[in-house]
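Enquirer: Dropping in query_9.cif, which is mmCIF, C-alpha atoms:
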data_entry
loop_
_atom_site.label_atom_id
_atom_site.label_comp_id
_atom_site.auth_asym_id
_atom_site.auth_seq_id
_atom_site.Cartn_x
_atom_site.Cartn_y
_atom_site.Cartn_z
CA MET Y 168 127.34 110.50 101.92
CA SER Y 169 125.65 109.60 98.63
CA ILE Y 170 122.32 108.61 100.21
CA ASP Y 171 120.48 111.82 100.97
CA LEU Y 172 117.23 111.57 102.92
CA THR Y 173 116.74 115.31 103.30
CA GLY Y 174 113.03 116.08 103.22
CA ARG Y 175 112.08 112.48 103.97
CA THR Y 176 110.34 111.45 107.17
CA ALA Y 177 110.95 108.05 108.70
CA LEU Y 178 108.78 106.40 111.33
CA ILE Y 179 110.64 103.73 113.29
CA THR Y 180 108.76 101.53 115.73
CA GLY Y 181 110.39 100.26 118.89
CA ALA Y 182 113.07 102.89 118.52
CA GLY Y 183 113.72 103.78 122.16
CA ALA Y 184 116.72 101.46 122.33
CA GLY Y 185 118.73 98.84 120.48
CA LEU Y 186 118.31 98.46 116.75
CA GLY Y 187 115.58 101.07 116.48
CA ARG Y 188 117.75 103.67 118.17
CA ALA Y 189 120.70 102.86 115.89
CA HIS Y 190 118.45 103.05 112.82
CA ALA Y 191 117.08 106.41 113.97
CA HIS Y 192 120.53 107.93 114.45
CA LEU Y 193 121.81 106.80 111.05
CA LEU Y 194 118.75 107.91 109.10
CA ALA Y 195 118.83 111.26 110.90
CA ALA Y 196 122.52 111.65 110.05
CA HIS Y 197 121.51 111.28 106.39
CA GLY Y 198 118.96 114.07 106.67
CA ALA Y 199 115.66 112.36 107.48
CA ASN Y 200 113.15 113.65 109.99
CA ILE Y 201 112.65 110.85 112.50
CA VAL Y 202 109.54 109.76 114.36
CA ILE Y 203 110.69 107.72 117.35
CA ASN Y 204 107.98 105.29 118.41
CA ASP Y 205 107.92 103.13 121.50
CA ILE Y 206 105.36 101.79 123.93
CA PRO Y 207 104.02 104.22 126.55
CA GLN Y 208 106.07 102.50 129.26
CA SER Y 209 109.27 103.32 127.33
CA ILE Y 210 108.41 106.78 126.07
CA ASP Y 211 111.14 108.34 128.24
CA LYS Y 212 113.68 106.32 126.24
CA ALA Y 213 112.10 107.48 122.99
CA HIS Y 214 112.30 111.11 124.11
CA ALA Y 215 115.95 110.55 125.03
CA VAL Y 216 116.72 109.28 121.52
CA ALA Y 217 114.93 112.28 120.01
CA ALA Y 218 117.01 114.57 122.21
CA GLU Y 219 120.21 112.80 121.16
CA ILE Y 220 119.35 113.31 117.51
CA ALA Y 221 118.49 116.96 118.11
CA GLY Y 222 121.81 117.37 119.91
CA HIS Y 223 123.55 116.27 116.73
CA GLY Y 224 121.63 118.76 114.62
CA GLY Y 225 118.88 116.41 113.46
CA THR Y 226 115.11 116.55 113.74
CA ALA Y 227 113.20 113.93 115.71
CA HIS Y 228 109.93 113.59 117.54
CA ALA Y 229 108.90 110.85 119.99
CA ILE Y 230 105.39 109.36 119.98
CA ALA Y 231 104.11 106.76 122.43
CA ALA Y 232 101.96 104.01 120.94
CA SER Y 233 101.70 100.26 121.12
CA VAL Y 234 101.85 98.86 117.59
CA THR Y 235 99.12 96.41 118.60
CA ASP Y 236 96.65 99.24 119.30
CA GLU Y 237 94.91 100.23 116.06
CA ALA Y 238 93.60 103.54 117.38
CA ALA Y 239 96.98 104.49 118.84
CA VAL Y 240 98.75 103.63 115.59
CA SER Y 241 96.28 105.72 113.58
CA ALA Y 242 96.76 108.65 115.96
CA MET Y 243 100.55 108.27 115.71
CA VAL Y 244 100.46 108.41 111.91
CA ASP Y 245 98.15 111.44 112.02
CA GLU Y 246 100.46 113.24 114.45
CA ALA Y 247 103.56 112.44 112.40
CA THR Y 248 101.85 113.64 109.23
CA ARG Y 249 100.71 116.89 110.85
CA ARG Y 250 104.18 117.58 112.17
CA PHE Y 251 106.21 116.71 109.08
CA GLY Y 252 103.68 116.83 106.25
CA LYS Y 253 104.09 113.20 105.24
CA VAL Y 254 105.74 109.93 106.17
CA ASP Y 255 107.96 108.43 103.48
CA ILE Y 256 109.70 105.61 105.33
CA LEU Y 257 108.33 103.00 107.73
CA VAL Y 258 110.62 100.69 109.67
CA ASN Y 259 108.63 97.96 111.41
CA ASN Y 260 111.18 97.25 114.12
CA ALA Y 261 109.12 96.74 117.31
CA GLY Y 262 109.37 93.26 118.78
CA ILE Y 263 109.22 91.04 121.84
CA LEU Y 264 110.31 87.53 122.77
CA ARG Y 265 108.39 84.83 124.59
CA ASP Y 266 110.81 81.95 124.07
CA LYS Y 267 109.70 78.47 125.09
CA SER Y 268 109.84 75.02 123.59
CA PHE Y 269 106.67 74.30 121.66
CA SER Y 270 105.39 71.76 124.17
CA LYS Y 271 105.54 74.40 126.93
CA MET Y 272 104.27 77.33 124.89
CA THR Y 273 100.92 78.79 125.91
CA LEU Y 274 98.40 80.44 123.63
CA ALA Y 275 99.21 83.73 125.37
CA ASP Y 276 102.92 83.29 124.51
CA TRP Y 277 101.93 82.66 120.90
CA ARG Y 278 99.49 85.56 120.61
CA ASP Y 279 101.74 88.11 122.30
CA VAL Y 280 104.53 87.56 119.78
CA ILE Y 281 102.27 87.33 116.72
CA ASP Y 282 100.40 90.48 117.80
CA VAL Y 283 103.53 92.64 118.16
CA HIS Y 284 105.61 91.41 115.23
CA LEU Y 285 103.02 90.54 112.60
CA THR Y 286 99.81 92.37 113.48
CA GLY Y 287 101.82 95.39 114.62
CA ALA Y 288 103.57 95.55 111.25
CA TYR Y 289 100.22 95.17 109.50
CA LEU Y 290 98.62 98.01 111.50
CA CYS Y 291 101.51 100.44 110.98
CA THR Y 292 101.83 99.61 107.29
CA HIS Y 293 98.10 99.76 106.67
CA ALA Y 294 97.86 103.15 108.41
CA LEU Y 295 100.44 104.57 105.97
CA TRP Y 296 99.64 102.60 102.83
CA ASP Y 297 97.11 104.97 101.23
CA GLN Y 298 99.26 108.00 102.03
CA MET Y 299 102.23 106.39 100.31
CA ARG Y 300 100.08 105.42 97.32
CA THR Y 301 98.80 109.00 97.01
CA ASN Y 302 102.35 110.38 97.24
CA ASN Y 303 103.67 107.76 94.81
CA TYR Y 304 106.51 107.10 97.20
CA GLY Y 305 107.16 104.74 100.08
CA ARG Y 306 109.94 102.71 101.61
CA ILE Y 307 108.87 99.99 104.04
CA VAL Y 308 111.15 97.59 105.89
CA MET Y 309 109.87 94.55 107.77
CA THR Y 310 112.22 93.20 110.42
CA THR Y 311 112.39 89.47 109.83
CA SER Y 312 114.84 87.00 111.39
CA SER Y 313 116.93 83.95 110.62
CA SER Y 314 114.75 82.25 113.22
CA GLY Y 315 111.88 82.62 110.77
CA LEU Y 316 113.88 81.88 107.65
CA TYR Y 317 115.67 78.83 109.03
CA GLY Y 318 114.19 78.01 112.43
CA ASN Y 319 115.51 78.16 115.97
CA PHE Y 320 114.79 75.98 118.99
CA GLY Y 321 112.32 77.54 121.40
CA GLN Y 322 111.12 80.20 118.97
CA SER Y 323 108.17 78.69 117.13
CA ASN Y 324 106.04 81.77 117.85
CA TYR Y 325 108.79 84.23 116.93
CA GLY Y 326 109.85 82.25 113.86
CA ALA Y 327 106.28 81.97 112.60
CA ALA Y 328 105.76 85.72 112.97
CA LYS Y 329 109.04 86.56 111.30
CA MET Y 330 108.44 84.28 108.32
CA ALA Y 331 104.92 85.67 107.98
CA LEU Y 332 106.48 89.12 107.56
CA VAL Y 333 108.37 87.78 104.54
CA GLY Y 334 105.08 86.73 103.00
CA LEU Y 335 103.59 90.14 103.75
CA MET Y 336 106.60 91.81 102.14
CA GLN Y 337 106.34 89.63 99.01
CA THR Y 338 102.76 90.67 98.34
CA LEU Y 339 103.08 94.33 99.31
CA SER Y 340 106.10 94.76 97.05
CA ILE Y 341 103.94 93.58 94.15
CA GLU Y 342 100.91 95.69 95.09
CA GLY Y 343 103.00 98.79 95.77
CA ALA Y 344 105.20 98.67 92.68
CA LYS Y 345 103.04 100.94 90.50
CA ASN Y 346 103.14 103.63 93.20
CA ASN Y 347 106.90 103.47 93.83
CA ILE Y 348 106.43 101.76 97.19
CA ARG Y 349 109.38 99.48 97.77
CA VAL Y 350 109.05 96.86 100.48
CA ASN Y 351 111.91 94.79 101.85
CA CYS Y 352 112.89 92.62 104.81
CA LEU Y 353 115.88 93.02 107.08
CA ALA Y 354 117.09 90.09 109.18
CA PRO Y 355 119.44 91.56 111.79
CA THR Y 356 121.89 89.93 114.14
CA ALA Y 357 122.52 92.43 116.90
CA ARG Y 358 123.05 92.89 120.61
CA THR Y 359 119.69 94.11 121.92
CA ALA Y 360 117.58 93.76 125.02
CA MET Y 361 116.03 90.70 123.38
CA THR Y 362 119.41 88.93 122.97
CA GLU Y 363 120.95 89.62 126.38
CA GLY Y 364 121.98 86.37 128.01
CA LEU Y 365 121.69 84.41 124.76
CA LEU Y 366 125.24 84.96 123.47
CA PRO Y 367 128.73 85.06 125.06
CA PRO Y 368 130.30 88.49 125.77
CA GLU Y 369 132.92 88.21 123.04
CA ALA Y 370 130.20 87.67 120.43
CA LEU Y 371 128.05 90.46 121.80
CA GLU Y 372 130.93 92.91 121.34
CA LEU Y 373 130.83 92.28 117.61
CA LEU Y 374 127.05 92.57 117.39
CA ASP Y 375 126.61 96.27 117.97
CA PRO Y 376 123.31 97.46 116.45
CA ASP Y 377 125.23 100.21 114.65
CA ARG Y 378 126.73 97.50 112.45
CA VAL Y 379 123.28 96.54 111.14
CA SER Y 380 121.88 99.98 110.37
CA PRO Y 381 123.79 100.56 107.09
CA ALA Y 382 121.76 97.69 105.64
CA LEU Y 383 118.58 99.43 106.78
CA LEU Y 384 119.75 102.67 105.17
CA ALA Y 385 120.27 100.90 101.84
CA LEU Y 386 116.74 99.51 101.97
CA VAL Y 387 115.11 102.94 102.46
CA ALA Y 388 117.16 104.92 99.93
CA ASP Y 389 115.56 106.44 96.84
CA ASN Y 390 117.27 103.76 94.74
CA ALA Y 391 116.50 100.92 97.17
CA PRO Y 392 115.66 97.49 95.81
CA THR Y 393 112.26 95.95 96.43
CA ARG Y 394 111.20 92.48 97.51
CA ALA Y 395 114.60 91.67 98.99
CA ILE Y 396 115.58 89.85 102.16
CA LEU Y 397 118.80 91.35 103.47
CA LEU Y 398 120.69 89.82 106.39
CA ALA Y 399 123.09 91.91 108.45
CA GLY Y 400 125.18 91.61 111.58
CA ALA Y 401 128.72 92.32 112.80
CA SER Y 402 129.16 94.37 109.58
CA GLY Y 403 128.49 91.28 107.47
CA ILE Y 404 125.81 91.46 104.76
CA GLU Y 405 124.04 88.55 103.08
CA ARG Y 406 120.91 87.97 101.00
CA ALA Y 407 118.31 85.27 101.37
CA THR Y 408 115.84 84.14 98.72
CA ILE Y 409 112.75 81.97 98.60
CA THR Y 410 113.46 79.70 95.64
CA MET Y 411 111.52 77.16 93.58
CA SER Y 412 113.18 74.25 91.84
CA HIS Y 413 112.27 73.05 88.37
CA GLY Y 414 111.06 69.74 89.78
CA ILE Y 415 109.63 66.74 87.96
CA TYR Y 416 106.33 65.62 86.43
CA ILE Y 417 104.70 62.54 87.97
CA GLY Y 418 101.67 62.18 85.68
CA HIS Y 419 98.04 63.18 85.99
CA ASP Y 420 96.59 59.72 86.55
CA GLN Y 421 97.99 59.31 90.09
CA PRO Y 422 100.08 56.15 89.51
CA ALA Y 423 100.36 53.88 92.50
CA ASP Y 424 104.08 54.59 92.83
CA ALA Y 425 103.81 58.42 92.55
CA ALA Y 426 104.71 59.07 96.18
CA ASP Y 427 107.52 56.51 96.03
CA ARG Y 428 108.87 58.27 92.96
CA ILE Y 429 108.86 61.63 94.76
CA LEU Y 430 111.03 60.20 97.52
CA ALA Y 431 113.29 58.30 95.11
CA GLU Y 432 113.90 61.38 92.97
CA TRP Y 433 114.19 63.81 95.88
CA ASP Y 434 117.56 65.24 94.82
CA GLN Y 435 116.45 65.74 91.22
CA ILE Y 436 113.29 67.53 92.38
CA GLY Y 437 115.52 70.08 94.12
CA GLU Y 438 117.59 70.94 91.05
CA GLY Y 439 117.40 74.14 89.03
CA ALA Y 440 116.25 76.53 91.75
CA THR Y 441 115.12 80.02 90.73
CA VAL Y 442 113.52 83.00 92.45
CA PRO Y 443 109.93 83.32 91.15
CA ASP Y 444 108.51 86.73 90.27
CA MET Y 445 105.28 85.96 92.13
CA GLY Y 446 103.31 83.10 93.63
CA ALA Y 447 101.54 82.36 90.35
CA ALA Y 448 104.87 81.14 88.99
CA GLN Y 449 104.33 77.81 90.73
CA GLY Y 450 101.13 77.05 88.82
CA MET Y 451 102.62 78.27 85.56
CA LEU Y 452 105.62 75.96 85.93
CA GLU Y 453 103.46 72.98 86.80
CA ILE Y 454 101.17 73.57 83.81
CA GLN Y 455 104.21 73.87 81.52
CA LYS Y 456 105.54 70.52 82.72
CA ALA Y 457 102.14 68.88 82.26
CA LEU Y 458 101.79 70.28 78.73
CA ALA Y 459 105.34 69.20 77.87
CA ALA Y 460 104.56 65.67 79.05
CA ARG Y 461 101.71 65.47 76.54
CA GLY Y 462 104.23 65.83 73.76
#
Please go through the file and, once you have read it, give me the structure as structure tokens.
Expert:
Amino acid sequence: MSIDLTGRTALITGAGAGLGRAHAHLLAAHGANIVINDIPQSIDKAHAVAAEIAGHGGTAHAIAASVTDEAAVSAMVDEATRRFGKVDILVNNAGILRDKSFSKMTLADWRDVIDVHLTGAYLCTHALWDQMRTNNYGRIVMTTSSSGLYGNFGQSNYGAAKMALVGLMQTLSIEGAKNNIRVNCLAPTARTAMTEGLLPPEALELLDPDRVSPALLALVADNAPTRAILLAGASGIERATITMSHGIYIGHDQPADAADRILAEWDQIGEGATVPDMGAAQGMLEIQKALAARG
């Protein structure tokens, strides 16, 4: 095993079952101390995972906390730090579903999903951010989804939260770079409590959470990339990128046919896609085109 996490401590949210449990077992097998987080109602499951890891010779500790509770998250980070000295790795894995078509979705459905996935990731990350900056080391993984990257019927709340995590990752990877904090996204396809009943049995057999966790391990290694979106499921691995095309210049004087030209040259506008280094790349490209048009 070339990836050695000995001496590292990983905090994994929502780790009492499913993907979180699989992540915990694999990171523990590679030497990490594991903090198993789950909501108070599922703390027995979290303790069971910690016992499983201990039974295999690893070190794990279960802590009950809702990721939506700022005080509980702060207390969890304090407890983990007291027990293990520091937290090097954060896996924002906790999640819920409240699937409904948009016309039937209530504000409560919307807020519940945003609070757990997005605000929960913010609270856990923020609670550890200064510690990681001080230690000049951090590995953070946001759990995104193809539902956010590409959309999925009945998941406007979930998709919005998951795509927002990509935006959070993009900025934190920039802000954390000077302190060796690497931030990435993982979009898993796995058989979990959230997917039961959504897929046929033959597909579910292939989607064991254990088949996703190697991707997670790669994203928390010492030599992990940063600002990447990795997709994983059924032992398949892919990458997604947010690209920007070279586009066209339509002139600064707002010609009457400017909008018509955009539609007429739609395919050309999409040519020459690249992955920008940061958001400011958009403005820089547009200024370059405008200056070039001046001759």
Enquirer: List the neighbours of Asn204 in chain Y out to 12 Å using all atoms listed in the file; skip same-chain residues closer than 2 positions along the sequence, and give me the result as number ranges by chain.
Expert: Y: 177-184, 187-188, 191, 201-202, 206-217, 227-234, 239-240, 242-244, 246-247, 257-261, 291
Enquirer: With only C-alpha atoms as the counted atoms, please give the residues lying no more than 9 Å from Asp279 in chain Y, apart from itself and same-chain residues fewer than 6 positions off, as a list in words.
Expert: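 Here the qualifying residues turn out to be Ile263, Leu264, Arg265 and Asn324 of chain Y.
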Enquirer: Given only C-alpha atoms as the basis, pick out the residue of Y:Leu290, Y:Ala354, Y:Leu398, Y:Ile348 nearest to Lys329 in chain Y.
Expert: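 Answer, going by the shortest atom-to-atom distance: Y:Ala354.
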Enquirer: Can you measure CA of Tyr325 in chain Y to CA of Ile203 in chain Y for me? One decimal in Å is fine.
Expert: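 Computing it gives 23.6 Å between the two atoms.
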Enquirer: Could you tell me how far CA of Arg300 in chain Y sits from CA of Leu397 in chain Y, in Å to one decimal place?
Expert: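 Interatomic distance, CA of Leu397 in chain Y to CA of Arg300 in chain Y: 24.2 Å.
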Enquirer: How many Å separate CA of Ile341 in chain Y from CA of Ala327 in chain Y?
Expert: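 Answer for the CA of Ile341 in chain Y to CA of Ala327 in chain Y separation: 21.9 Å.
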Enquirer: Determine, counting only C-alpha atoms, which protein, DNA and RNA residues have an atom within 10 Å of an atom of Asp266 in chain Y; residues of the same chain fewer than 5 positions away are not included. Present the result as a list in words.
Expert: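 Residues meeting the cut-off are Lys271, Met272, Asp276, Trp277, Val280, Phe320, Gly321, Gln322, Ser323, Asn324 and Tyr325 of chain Y.
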Enquirer: Apply the PyMOL selection byres ((chain Y and resi 383) around 12) to the displayed file and report the matching residues as a PyMOL selection string.
Expert: chain Y and resi 170+177+179+186-187+189-194+256-260+306-310+350-355+376-382+384-388+391-392+395-400+404
Enquirer: My list of candidates is Y:Arg349, Y:His223, Y:Arg358, Y:Arg428. Which is closest to Asp389 in chain Y when distances are computed with all atoms listed in the file?
Expert: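 Once distances to Asp389 in chain Y are computed over all atoms listed in the file, the minimum belongs to Y:Arg349.
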Enquirer: If you count only C-alpha atoms, which residues fall within 10 Å of Ala460 in chain Y, apart from same-chain ones fewer than 2 positions away, as a list in words?
Expert: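 Once the adjacent positions are removed, what remains is Tyr416, Ile417, Gly418, His419, Ile454, Gln455, Lys456, Ala457, Leu458 and Gly462 of chain Y.
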Enquirer: Step by step, work through what the PyMOL selection byres ((chain Y and resi 176) around 6) selects in the shown file, and finish by giving those residues as a compact mmCIF listing (two decimals) with C-alpha atoms, keeping the file's coordinate frame.
Expert:
# COMPACT_ATOMS: atom_id res chain seq x y z
CA ARG Y 175 112.08 112.48 103.97
CA ALA Y 177 110.95 108.05 108.70
CA ALA Y 199 115.66 112.36 107.48
CA ASN Y 200 113.15 113.65 109.99
CA ILE Y 201 112.65 110.85 112.50
CA VAL Y 254 105.74 109.93 106.17
CA ASP Y 255 107.96 108.43 103.48
